[in-house]
Amino acid sequence: MEFRYLGNSGLKISEITYGNWLTHASQVENDVATQCVRAALDNGISTFDTADAYANTAAEQVLGDALKGERRESLEIFTKVYWPTGPRGHNDVGLSRKHILESIDGSLTRLGTDYVDLYQAHRFDSETPLEETMQAFADVVRAGKALYIGVSEWSAEQIRAGHELAVKLGVQLISNQPQYSMLWRVIESEVVPTSKQYGLGQIVWSPIAQGVLTGKYKPGAELPAGSRATDEKGGANTIKRFLTDEVLTGVAGLEPIAADLGLSMAQLAVAWVLQNDNVSSAIIGASKPEQVADNVKAAGVRLPAEVMTKIDQTLAGLYETDPEKTVSPESRPA
């Protein structure tokens, strides 16, 4: 495993982050989830990402239980707040001061820790003044409940405004957590330059495009039974946009590139996002320990320029680059 600084902070995190969206307390049993966490630790991963909304808070509990007994100082634990939780009452959502201050306490209890290394705004809340949100995050940091703050899926303009308030409040906004892969490049033209300017690093999710970049989905073929694409509760809507025959044919063209490098398709996909120097870490999920062991081999891989060019040529016209696709909800979900 190799490690990178998270943005302009002094915090180092593993190039591969283990995330438990869609898996813990949902797609896999708790004992398998624990095995996946153990596999992550055994393979040098020190950074773990979750959110209070995953499995309606249950995923945090599973992760906390799986990490029990580990030296806390050797781990970087991240969580997030915004989406509805609990009974989904009128204040159980968003980035109001009330929801943030109540949510951090719930997350710490479930994770079994006194603090998280990074507390993230899971989306931008258009219904709460940004000043209120950033003041609440600053208070969480000053209370010692989080060491740093970050955001997820914020636009360049929102990042700029959040950074300016953070500076005034004397805290560091050090990260953004966007979707990023060979097929989804919407952060490259605006979010990445802005993040570099203001000292944020990217912790990217879905580097293998919900599994599409593993090559397991074939053009013209039925969707594999039990795959994410067939799970209406586990990301089927997110993956749908990649499941056209045109995209899948392009992805199939990556197979000889991966083979020439001695990499699996998943390793090639994860290594590709790590070539972006603003990416601090790539989040991987897993439904079995073997997937963790495979994906971590992407850490430290350096792809030659000619390989990066060949990938672009193979996927030409198939990947999304429109920065307007980075959109937070216009209103809070009910």
# chains A, B, ... in the order shown; residues from 1 in each chain; ligands from 1

call {"tool": "select_by_dssp", "arguments": {"residues": "segment 137-290 of chain A", "states": "helix (DSSP H, G or I)", "output": "PyMOL selection string"}}
result
chain A and resi 137-142+156-169+191-198+209-214+228-230+236-242+245-252+255-261+265-274+289-290

call {"tool": "residues_around", "arguments": {"residues": "segment 148-150 of chain A", "least_positions_apart": "3", "cutoff": "8 Å", "atoms": "only C-alpha atoms", "output": "MDAnalysis selection string"}}
result
chainID A and resid 117:121 137 141 171:177

call {"tool": "select_by_dssp", "arguments": {"residues": "segment 187-269 of chain A", "states": "strand (DSSP E)", "output": "count of residues only"}}
result
4

call {"tool": "residues_around", "arguments": {"residues": "segment 186-197 of chain A", "least_positions_apart": "6", "cutoff": "9 Å", "atoms": "only C-alpha atoms", "output": "JSON, numbers by chain"}}
result
{"A": [7, 8, 154, 155, 156, 157, 159, 160, 174, 175, 176, 178, 179, 180, 278, 279, 320, 321, 322, 323, 324, 325, 326]}

call {"tool": "closest_residue", "arguments": {"among": "A:Leu111, A:Leu75, A:Val62, A:Ala282", "to": "Gly201 of chain A", "atoms": "only C-alpha atoms"}}
result
A:Ala282

call {"tool": "residues_around", "arguments": {"residues": "Asp139 of chain A", "least_positions_apart": "2", "cutoff": "12 Å", "atoms": "only C-alpha atoms", "output": "list in words"}}
result
Arg97, Lys98, Ile100, Leu101, Ile104, Tyr119, Glu132, Thr133, Met134, Gln135, Ala136, Phe137, Val141, Arg142, Ala143, Gly144, Lys145, Ala146, Leu147, Tyr148, Ile149, Ala166, Leu169, Gly170 and Val171 of chain A
